Amino acid sequence: MSLKIFLVACVAVLMPGLASAQTCFESSIISPIPFMGNHGEIFKLTDGSLWEVQYEYAYMYEYYPMVIVCSTRGRMMVGGKTFNVRQIATGGPPTQSPSAPSTDVIESRIDGEFSGWEGETIFKLENGQVWQQASYAYMYSYKYRPKVLIFRTRGGYEMQVDGVSNRVRVTRLR
């Protein structure tokens with residue numbers, strides 16, 4: 001089966017009544033590894049866009065899976081399973097703002113030990129940036145040099161630490 005026929009067939013499943021595949025595209029999930037497909041999981045596609053799984057619990061353990069995303073309907077197909085998803089950041093060139101970081105998505109690592117957050121925790125990243133917790137929450141999890149993903153949301157920035165299911169709102173200090 002050709003890719004175009006496959007894409008149209010998937011669109012028919014994901015978006016009944018739609019005659020074309022114009023609002024759907026094929027991509028691959030490049031992080032996290034593995035992709036689980038569980039509620040709240042943030043994943044990155046090859047174009048740099050960030051998405052979040054919503055209201056699903058699949059426990060897939062997929063490594064770099066190919067996906068078909070129908071962004072206007074908030075649906076994605078992975079390995080024959082359909083998921084509810086929402087886009088949280090676009091890929092491509094970063095936006096510029098004098099008071100904000102120079103990009104919508106920052107990927108780095110915590111510089112040294114990470115033990116969670118407890119109200120006003122400061123996070124030093126290996127890329128030289130320093131961020132501070134901006135929303136009150138407490139979470140303990142010990143890790144050494146975990147990967148972090150900081151991304152722009154409507155209300156500011158949120159930080160996702162690799163291996164931690166919760167996210168925390170943050171502001172950049174440096």
# chains A, B, ... in the order shown; residues from 1 in each chain; ligands from 1
call {"tool": "residues_around", "arguments": {"residues": "range 77-82 of chain A", "least_positions_apart": "5", "cutoff": "7 Å", "atoms": "only C-alpha atoms", "output": "ChimeraX atom specification"}}
result
/A:65-69
call {"tool": "select_by_dssp", "arguments": {"residues": "chain A", "states": "strand (DSSP E or B)", "output": "ChimeraX atom specification"}}
result
/A:24-31,35,38,42-45,50-54,57,62,66-70,75-78,81-89,105-110,113-114,117,122-125,130-133,139,143-144,147-153,156-161,167-172
call {"tool": "residues_around", "arguments": {"residues": "range 40-57 of chain A", "least_positions_apart": "2", "cutoff": "6 Å", "atoms": "only C-alpha atoms", "output": "short mmCIF file (atom, residue, chain, number, x, y, z; two decimals) with N, CA, C and O atoms, in the first residue's frame"}}
result
data_model
loop_
_atom_site.label_atom_id
_atom_site.label_comp_id
_atom_site.auth_asym_id
_atom_site.auth_seq_id
_atom_site.Cartn_x
_atom_site.Cartn_y
_atom_site.Cartn_z
N SER A 28 7.46 11.42 13.05
CA SER A 28 8.00 10.41 13.96
C SER A 28 8.23 11.07 15.32
O SER A 28 8.61 12.24 15.39
N ILE A 29 8.00 10.33 16.38
CA ILE A 29 8.25 10.83 17.73
C ILE A 29 9.73 10.60 18.03
O ILE A 29 10.21 9.47 17.97
N ILE A 30 10.45 11.70 18.36
CA ILE A 30 11.88 11.58 18.65
C ILE A 30 12.20 11.62 20.13
O ILE A 30 13.29 11.25 20.54
N SER A 31 11.27 12.07 20.95
CA SER A 31 11.43 11.98 22.40
C SER A 31 10.05 12.10 23.03
O SER A 31 9.17 12.71 22.46
N PRO A 32 9.81 11.48 24.15
CA PRO A 32 10.74 10.70 24.97
C PRO A 32 10.99 9.32 24.38
O PRO A 32 10.26 8.88 23.48
N ASN A 38 0.67 7.83 27.42
CA ASN A 38 -0.15 8.01 28.61
C ASN A 38 -0.50 9.48 28.83
O ASN A 38 0.26 10.37 28.45
N ASN A 84 -5.99 11.02 21.68
CA ASN A 84 -6.32 12.43 21.77
C ASN A 84 -5.02 13.15 22.10
O ASN A 84 -4.31 12.75 23.04
N VAL A 85 -4.71 14.21 21.36
CA VAL A 85 -3.49 14.98 21.59
C VAL A 85 -3.79 16.46 21.44
O VAL A 85 -4.79 16.85 20.84
N ARG A 86 -2.91 17.28 22.01
CA ARG A 86 -2.99 18.72 21.79
C ARG A 86 -1.58 19.25 21.59
O ARG A 86 -0.63 18.80 22.23
N GLN A 87 -1.47 20.20 20.67
CA GLN A 87 -0.17 20.79 20.40
C GLN A 87 0.12 21.85 21.45
O GLN A 87 -0.74 22.70 21.74
N ILE A 88 1.33 21.83 22.02
CA ILE A 88 1.67 22.82 23.04
C ILE A 88 2.76 23.78 22.59
O ILE A 88 2.94 24.82 23.19
N ALA A 89 3.50 23.43 21.53
CA ALA A 89 4.50 24.34 20.97
C ALA A 89 4.75 23.94 19.52
O ALA A 89 4.76 22.76 19.20
N THR A 90 4.96 24.94 18.68
CA THR A 90 5.23 24.66 17.28
C THR A 90 6.71 24.44 17.07
O THR A 90 7.54 24.85 17.89
N GLY A 91 7.05 23.82 15.97
CA GLY A 91 8.45 23.65 15.60
C GLY A 91 8.88 24.82 14.75
O GLY A 91 8.18 25.82 14.65
#
call {"tool": "residues_around", "arguments": {"residues": "Asn127 in chain A", "least_positions_apart": "2", "cutoff": "7 Å", "atoms": "only C-alpha atoms", "output": "list in words"}}
result
Ser108, Leu125 and Gln129 of chain A
call {"tool": "select_by_dssp", "arguments": {"residues": "chain A", "states": "helix (DSSP H, G or I)", "output": "ChimeraX atom specification"}}
result
/A:3-14,71-73
call {"tool": "residues_around", "arguments": {"residues": "Arg174 in chain A", "least_positions_apart": "4", "cutoff": "10 Å", "atoms": "only C-alpha atoms", "output": "PDB file with N, CA and C atoms, in the first residue's frame"}}
result
ATOM      1  N   PRO A 101      12.816  34.174  26.906  1.00  0.00           N
ATOM      2  CA  PRO A 101      13.916  33.424  26.307  1.00  0.00           C
ATOM      3  C   PRO A 101      13.813  33.492  24.788  1.00  0.00           C
ATOM      4  N   LYS A 124      19.617  25.228  37.743  1.00  0.00           N
ATOM      5  CA  LYS A 124      20.717  25.635  36.865  1.00  0.00           C
ATOM      6  C   LYS A 124      20.848  24.562  35.790  1.00  0.00           C
ATOM      7  N   GLY A 128      23.738  26.881  30.693  1.00  0.00           N
ATOM      8  CA  GLY A 128      24.044  28.157  31.336  1.00  0.00           C
ATOM      9  C   GLY A 128      22.830  28.921  31.811  1.00  0.00           C
ATOM     10  N   GLN A 129      21.641  28.531  31.415  1.00  0.00           N
ATOM     11  CA  GLN A 129      20.432  29.220  31.845  1.00  0.00           C
ATOM     12  C   GLN A 129      20.100  28.856  33.293  1.00  0.00           C
ATOM     13  N   VAL A 130      19.443  29.798  33.977  1.00  0.00           N
ATOM     14  CA  VAL A 130      18.967  29.573  35.342  1.00  0.00           C
ATOM     15  C   VAL A 130      17.483  29.891  35.367  1.00  0.00           C
ATOM     16  N   TRP A 131      16.688  28.958  35.879  1.00  0.00           N
ATOM     17  CA  TRP A 131      15.238  29.091  35.948  1.00  0.00           C
ATOM     18  C   TRP A 131      14.795  28.913  37.390  1.00  0.00           C
ATOM     19  N   GLN A 132      13.669  29.533  37.739  1.00  0.00           N
ATOM     20  CA  GLN A 132      13.118  29.390  39.085  1.00  0.00           C
ATOM     21  C   GLN A 132      11.667  28.947  39.014  1.00  0.00           C
TER      22      GLN A 132
END
call {"tool": "closest_residue", "arguments": {"among": "A:Gly156, A:Val170, A:Cys70, A:Pro34", "to": "Phe123 in chain A", "atoms": "only C-alpha atoms"}}
result
A:Val170
call {"tool": "atom_distance", "arguments": {"atom1": "CA of Tyr144 in chain A", "atom2": "CA of Glu126 in chain A"}}
result
12.1 Å
call {"tool": "closest_residue", "arguments": {"among": "A:Ile106, A:Cys24, A:Val168, A:Ile33", "to": "Arg73 in chain A", "atoms": "only C-alpha atoms"}}
result
A:Cys24
call {"tool": "atom_distance", "arguments": {"atom1": "CA of Thr23 in chain A", "atom2": "CA of Val105 in chain A"}}
result
23.7 Å
